[in-house]
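> What follows is a single structure, and I will ask about it in a moment.
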Amino acid sequence: MSKTLIAYFSASGVTARTAKQIADASGADLYEIRPEQPYTSADLDWMDKKSRSTLEMNDPSCRPAIAEPVQNMAQYDTVLIGFPIWWYVEPRIVDTFLESYDFSGKTLIPFATSGGSGIEKAEKSLREHCPDASWKNGSRLCGSDAVNWTKTILKD
């Protein structure tokens with residue numbers, strides 16, 4: 001039987017709410033990609049060129065540490081990866097997550113939250129980090145979209 005994991009990073013709680021809706025709708029396990037060093041509001045001030053988030057996003061090689069690993073990643077066949085869109089792509093901590101496991105042969109499905117940016121550039125970036133995974137197209141979700149999207153994407 002196929003087992004699904006919803007792995008998500010949320011800086012402000014928006015992506016967390018969406019991930020929980022998806023987990024509830026699908027019965028999948030839920031895992032939060034938490035930074036070893038939590039972000040403060042000053043860290044997330046994208047208008048400050050010296051804020052932590054800005055410095056991380058301006059450095060493509062930056063890989064913020066994750067607080068706790070997924071227990072027994074091998075048990076999952078499908079992983080939905082959720083994140084807010086930062087600078088048109090996924091936050092660097094999502095790259096840390098993707099590079100921490102072997103996703104060869106697993107189905108990966110991204111979902112993002114954003115006030116307006118699309119997910120296209122993030123999808124391209126994600127695929128470059130895990131080229132041996134079987135990627136499905138993702139979606140930018142807003143509120144109640146999550147439940148309907150989940151039913152559609154996981155039935156295929």
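Here, A, B, ... name the chains of the structure tokens in the order displayed, residue numbers run from 1 inside each chain, and ligands are numbered from 1 in the same displayed order.
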Do you know which residues are at most 6 Å from stretch 70-77 of chain A counting only C-alpha atoms, after dropping those on the same chain fewer than 6 positions away, and could you put them as a ChimeraX atom specification?

/A:2-4,106

> DSSP on the backbone, helix (DSSP H, G or I) only: what residues of stretch 29-95 of chain A does that give? Format it as a list in words.

Arg52, Ser53, Thr54, Leu55, Glu56, Met57, Met73, Ala74, Gln75, Arg92, Ile93, Val94 and Asp95 of chain A

> For stretch 33-36 of chain A, list every protein, DNA or RNA residue within 8 Å, evaluated using only C-alpha atoms, and leave out those in the same chain fewer than 2 positions away; present the list as JSON, numbers by chain.

{"A": [7, 8, 9, 10, 31, 38, 39, 64, 65, 66, 67, 68, 93, 94, 97]}

> Any chance you can output those residues with N, CA and C atoms as a PDB file, in the first residue's frame?


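Final file, selection_28.pdb:
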ATOM      1  N   ALA A   7       5.248  17.101   3.647  1.00  0.00           N
ATOM      2  CA  ALA A   7       6.387  17.785   4.263  1.00  0.00           C
ATOM      3  C   ALA A   7       6.266  19.261   3.905  1.00  0.00           C
ATOM      4  N   TYR A   8       6.348  20.117   4.920  1.00  0.00           N
ATOM      5  CA  TYR A   8       6.153  21.528   4.627  1.00  0.00           C
ATOM      6  C   TYR A   8       7.047  22.409   5.488  1.00  0.00           C
ATOM      7  N   PHE A   9       7.381  23.571   4.924  1.00  0.00           N
ATOM      8  CA  PHE A   9       8.042  24.638   5.666  1.00  0.00           C
ATOM      9  C   PHE A   9       7.075  25.808   5.688  1.00  0.00           C
ATOM     10  N   SER A  10       6.897  26.390   6.876  1.00  0.00           N
ATOM     11  CA  SER A  10       6.004  27.539   7.013  1.00  0.00           C
ATOM     12  C   SER A  10       6.660  28.583   7.891  1.00  0.00           C
ATOM     13  N   TYR A  31       4.755  16.298   8.312  1.00  0.00           N
ATOM     14  CA  TYR A  31       6.098  16.585   8.830  1.00  0.00           C
ATOM     15  C   TYR A  31       6.417  18.045   8.563  1.00  0.00           C
ATOM     16  N   PRO A  38      15.206  28.841  14.705  1.00  0.00           N
ATOM     17  CA  PRO A  38      13.924  29.416  14.254  1.00  0.00           C
ATOM     18  C   PRO A  38      14.090  30.834  13.692  1.00  0.00           C
ATOM     19  N   TYR A  39      13.234  31.169  12.741  1.00  0.00           N
ATOM     20  CA  TYR A  39      13.233  32.504  12.164  1.00  0.00           C
ATOM     21  C   TYR A  39      12.491  33.468  13.081  1.00  0.00           C
ATOM     22  N   PRO A  64      20.199  26.098   5.196  1.00  0.00           N
ATOM     23  CA  PRO A  64      19.897  26.188   6.626  1.00  0.00           C
ATOM     24  C   PRO A  64      19.653  24.789   7.213  1.00  0.00           C
ATOM     25  N   ALA A  65      20.148  24.578   8.414  1.00  0.00           N
ATOM     26  CA  ALA A  65      19.994  23.268   9.072  1.00  0.00           C
ATOM     27  C   ALA A  65      18.548  23.038   9.492  1.00  0.00           C
ATOM     28  N   ILE A  66      18.135  21.788   9.411  1.00  0.00           N
ATOM     29  CA  ILE A  66      16.795  21.367   9.815  1.00  0.00           C
ATOM     30  C   ILE A  66      16.878  20.784  11.221  1.00  0.00           C
ATOM     31  N   ALA A  67      15.884  21.112  12.055  1.00  0.00           N
ATOM     32  CA  ALA A  67      15.885  20.711  13.465  1.00  0.00           C
ATOM     33  C   ALA A  67      15.835  19.195  13.659  1.00  0.00           C
ATOM     34  N   GLU A  68      14.939  18.504  12.971  1.00  0.00           N
ATOM     35  CA  GLU A  68      14.776  17.055  13.146  1.00  0.00           C
ATOM     36  C   GLU A  68      14.525  16.401  11.793  1.00  0.00           C
ATOM     37  N   ILE A  93      15.758  26.360   2.909  1.00  0.00           N
ATOM     38  CA  ILE A  93      15.608  25.231   3.820  1.00  0.00           C
ATOM     39  C   ILE A  93      14.889  24.062   3.129  1.00  0.00           C
ATOM     40  N   VAL A  94      14.068  24.349   2.140  1.00  0.00           N
ATOM     41  CA  VAL A  94      13.426  23.282   1.357  1.00  0.00           C
ATOM     42  C   VAL A  94      14.488  22.556   0.526  1.00  0.00           C
ATOM     43  N   PHE A  97      16.130  20.122   2.763  1.00  0.00           N
ATOM     44  CA  PHE A  97      15.275  18.935   2.891  1.00  0.00           C
ATOM     45  C   PHE A  97      15.435  18.015   1.681  1.00  0.00           C
TER      46      PHE A  97
END

> Record the distance separating atom CA of A:Lys124 and atom CA of A:Ile6, expressed in Å with one decimal.

19.8 Å

> List the neighbours of stretch 109-112 of chain A out to 9 Å using only C-alpha atoms; skip same-chain residues closer than 5 positions along the sequence, and give me the result as a ChimeraX atom specification.

/A:8,15,18-19,78-85,90,118-119,122-123,126,134-142,153

> Would you mind exporting the chosen residues as a compact mmCIF listing (two decimals), in the first residue's frame, restricted to N, CA and C atoms?


# COMPACT_ATOMS: atom_id res chain seq x y z
N TYR A 8 6.35 20.12 4.92
CA TYR A 8 6.15 21.53 4.63
C TYR A 8 7.05 22.41 5.49
N THR A 15 1.37 28.39 5.22
CA THR A 15 1.65 27.09 4.59
C THR A 15 1.32 25.96 5.56
N THR A 18 -2.38 25.22 5.30
CA THR A 18 -2.65 24.52 4.04
C THR A 18 -2.20 23.07 4.12
N ALA A 19 -1.01 22.83 4.66
CA ALA A 19 -0.48 21.47 4.79
C ALA A 19 -1.39 20.61 5.68
N THR A 78 5.05 8.64 -1.86
CA THR A 78 4.66 9.94 -2.37
C THR A 78 4.93 10.98 -1.30
N VAL A 79 5.56 12.09 -1.72
CA VAL A 79 5.84 13.19 -0.79
C VAL A 79 5.34 14.48 -1.42
N LEU A 80 4.41 15.14 -0.73
CA LEU A 80 3.97 16.47 -1.13
C LEU A 80 4.82 17.46 -0.35
N ILE A 81 5.38 18.42 -1.06
CA ILE A 81 6.32 19.37 -0.45
C ILE A 81 5.73 20.77 -0.53
N GLY A 82 5.44 21.34 0.65
CA GLY A 82 4.81 22.65 0.70
C GLY A 82 5.75 23.72 1.23
N PHE A 83 5.57 24.93 0.73
CA PHE A 83 6.44 26.05 1.11
C PHE A 83 5.83 27.36 0.66
N PRO A 84 6.22 28.46 1.33
CA PRO A 84 5.88 29.77 0.79
C PRO A 84 6.86 30.10 -0.33
N ILE A 85 6.43 30.87 -1.28
CA ILE A 85 7.35 31.28 -2.35
C ILE A 85 8.13 32.50 -1.89
N GLU A 90 11.46 28.31 -3.98
CA GLU A 90 11.31 27.74 -2.64
C GLU A 90 12.39 28.31 -1.71
N GLY A 118 3.73 32.95 -8.93
CA GLY A 118 3.40 31.61 -9.39
C GLY A 118 4.43 30.60 -8.89
N ILE A 119 4.16 29.32 -9.14
CA ILE A 119 5.02 28.24 -8.66
C ILE A 119 6.00 27.75 -9.73
N ALA A 122 9.79 27.85 -9.03
CA ALA A 122 10.09 26.94 -7.92
C ALA A 122 10.08 25.49 -8.42
N GLU A 123 9.12 25.13 -9.25
CA GLU A 123 9.06 23.76 -9.77
C GLU A 123 10.33 23.42 -10.55
N LEU A 126 13.11 22.91 -7.97
CA LEU A 126 12.92 21.67 -7.21
C LEU A 126 13.36 20.45 -8.03
N SER A 134 10.12 11.18 -9.45
CA SER A 134 9.03 11.28 -10.41
C SER A 134 8.18 12.47 -9.99
N TRP A 135 8.33 13.58 -10.69
CA TRP A 135 7.65 14.82 -10.32
C TRP A 135 6.29 14.94 -10.97
N LYS A 136 5.31 15.37 -10.20
CA LYS A 136 4.02 15.78 -10.75
C LYS A 136 3.98 17.30 -10.67
N ASN A 137 3.22 17.91 -11.56
CA ASN A 137 3.08 19.35 -11.50
C ASN A 137 2.40 19.75 -10.20
N GLY A 138 2.87 20.85 -9.65
CA GLY A 138 2.33 21.34 -8.39
C GLY A 138 1.33 22.45 -8.61
N SER A 139 1.04 23.13 -7.50
CA SER A 139 0.07 24.21 -7.58
C SER A 139 0.32 25.23 -6.48
N ARG A 140 -0.06 26.46 -6.77
CA ARG A 140 -0.09 27.50 -5.75
C ARG A 140 -1.50 27.44 -5.18
N LEU A 141 -1.60 27.23 -3.87
CA LEU A 141 -2.90 27.04 -3.23
C LEU A 141 -3.28 28.22 -2.35
N CYS A 142 -4.55 28.49 -2.32
CA CYS A 142 -5.09 29.54 -1.46
C CYS A 142 -6.29 28.97 -0.70
N ILE A 153 -5.13 15.56 -7.09
CA ILE A 153 -3.74 15.20 -7.34
C ILE A 153 -3.40 13.79 -6.84

> May I have the residues within 12 Å of A:Thr152 as a list in words, using only C-alpha atoms and disregarding those fewer than 3 positions away in the same chain?

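Contacts, with the query itself left out: Ile22, Ala25, Ser26, Lys136, Asn137, Gly138, Ser139, Asp145, Ala146, Val147, Asn148, Trp149, Lys155 and Asp156 of chain A.
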
> Produce a file of the selected residues containing N, CA and C atoms, as a PDB file, in the first residue's frame.


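Output (out.pdb):
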ATOM      1  N   ILE A  22      -4.436  19.573   3.756  1.00  0.00           N
ATOM      2  CA  ILE A  22      -4.100  18.498   2.822  1.00  0.00           C
ATOM      3  C   ILE A  22      -3.968  17.174   3.566  1.00  0.00           C
ATOM      4  N   ALA A  25      -7.402  15.920   4.541  1.00  0.00           N
ATOM      5  CA  ALA A  25      -8.162  15.457   3.379  1.00  0.00           C
ATOM      6  C   ALA A  25      -7.638  14.141   2.818  1.00  0.00           C
ATOM      7  N   SER A  26      -6.348  13.882   3.016  1.00  0.00           N
ATOM      8  CA  SER A  26      -5.726  12.708   2.390  1.00  0.00           C
ATOM      9  C   SER A  26      -5.418  11.575   3.363  1.00  0.00           C
ATOM     10  N   LYS A 136       5.314  15.372 -10.203  1.00  0.00           N
ATOM     11  CA  LYS A 136       4.019  15.777 -10.751  1.00  0.00           C
ATOM     12  C   LYS A 136       3.979  17.296 -10.670  1.00  0.00           C
ATOM     13  N   ASN A 137       3.219  17.911 -11.555  1.00  0.00           N
ATOM     14  CA  ASN A 137       3.076  19.353 -11.496  1.00  0.00           C
ATOM     15  C   ASN A 137       2.405  19.754 -10.197  1.00  0.00           C
ATOM     16  N   GLY A 138       2.874  20.850  -9.646  1.00  0.00           N
ATOM     17  CA  GLY A 138       2.329  21.342  -8.393  1.00  0.00           C
ATOM     18  C   GLY A 138       1.334  22.455  -8.612  1.00  0.00           C
ATOM     19  N   SER A 139       1.042  23.134  -7.504  1.00  0.00           N
ATOM     20  CA  SER A 139       0.069  24.206  -7.579  1.00  0.00           C
ATOM     21  C   SER A 139       0.316  25.229  -6.478  1.00  0.00           C
ATOM     22  N   ASP A 145      -8.830  25.902  -1.550  1.00  0.00           N
ATOM     23  CA  ASP A 145      -8.356  25.179  -2.740  1.00  0.00           C
ATOM     24  C   ASP A 145      -7.671  23.874  -2.355  1.00  0.00           C
ATOM     25  N   ALA A 146      -7.066  23.839  -1.187  1.00  0.00           N
ATOM     26  CA  ALA A 146      -6.219  22.717  -0.783  1.00  0.00           C
ATOM     27  C   ALA A 146      -6.962  21.386  -0.787  1.00  0.00           C
ATOM     28  N   VAL A 147      -8.162  21.351  -0.271  1.00  0.00           N
ATOM     29  CA  VAL A 147      -8.903  20.093  -0.166  1.00  0.00           C
ATOM     30  C   VAL A 147      -9.242  19.545  -1.550  1.00  0.00           C
ATOM     31  N   ASN A 148      -9.786  20.392  -2.420  1.00  0.00           N
ATOM     32  CA  ASN A 148     -10.142  19.943  -3.774  1.00  0.00           C
ATOM     33  C   ASN A 148      -8.902  19.526  -4.561  1.00  0.00           C
ATOM     34  N   TRP A 149      -7.828  20.295  -4.441  1.00  0.00           N
ATOM     35  CA  TRP A 149      -6.580  19.963  -5.135  1.00  0.00           C
ATOM     36  C   TRP A 149      -6.057  18.616  -4.665  1.00  0.00           C
ATOM     37  N   LYS A 155      -5.490  11.202  -6.612  1.00  0.00           N
ATOM     38  CA  LYS A 155      -6.270  10.115  -7.232  1.00  0.00           C
ATOM     39  C   LYS A 155      -5.578   9.579  -8.471  1.00  0.00           C
ATOM     40  N   ASP A 156      -4.709  10.385  -9.086  1.00  0.00           N
ATOM     41  CA  ASP A 156      -4.021   9.973 -10.328  1.00  0.00           C
ATOM     42  C   ASP A 156      -3.093   8.801 -10.095  1.00  0.00           C
TER      43      ASP A 156
END

> Within 7 Å of stretch 102-105 of chain A, counting only C-alpha atoms, which residues show up once you throw out same-chain ones fewer than 3 positions away? Write them as number ranges by chain, please.

A: 130, 132-134

> Among the residues of stretch 21-127 of chain A, find those DSSP assigns to strand (DSSP E or B) from the backbone and print them as number ranges by chain.

A: 29-32, 35, 66, 78-84, 86, 89, 107-113

> Write out as a PyMOL selection string each polymer residue whose atoms come within 10 Å of A:Ala42, counting only C-alpha atoms; drop sequence neighbours fewer than 6 positions from it.

chain A and resi 48+50-53

> Restrict the selected residues to N, CA and C atoms and save them as a PDB file, in the first residue's frame.


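So result_10.pdb came out as:
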ATOM      1  N   ASP A  48      14.712  44.269   4.354  1.00  0.00           N
ATOM      2  CA  ASP A  48      16.029  44.508   4.945  1.00  0.00           C
ATOM      3  C   ASP A  48      17.050  43.656   4.205  1.00  0.00           C
ATOM      4  N   LYS A  50      19.917  42.957   4.837  1.00  0.00           N
ATOM      5  CA  LYS A  50      20.795  42.190   5.717  1.00  0.00           C
ATOM      6  C   LYS A  50      20.025  41.186   6.579  1.00  0.00           C
ATOM      7  N   SER A  51      18.723  41.030   6.316  1.00  0.00           N
ATOM      8  CA  SER A  51      17.945  40.059   7.095  1.00  0.00           C
ATOM      9  C   SER A  51      18.377  38.643   6.719  1.00  0.00           C
ATOM     10  N   ARG A  52      18.157  37.728   7.624  1.00  0.00           N
ATOM     11  CA  ARG A  52      18.559  36.328   7.402  1.00  0.00           C
ATOM     12  C   ARG A  52      17.935  35.752   6.130  1.00  0.00           C
ATOM     13  N   SER A  53      16.641  35.970   5.928  1.00  0.00           N
ATOM     14  CA  SER A  53      15.993  35.400   4.744  1.00  0.00           C
ATOM     15  C   SER A  53      16.578  35.978   3.456  1.00  0.00           C
TER      16      SER A  53
END

> Taking only C-alpha atoms into account, name the residue in A:Gln37, A:Asp45, A:Arg127, A:Ala11 that is nearest to A:Pro91.

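Using only C-alpha atoms, the shortest distance to A:Pro91 belongs to A:Ala11.
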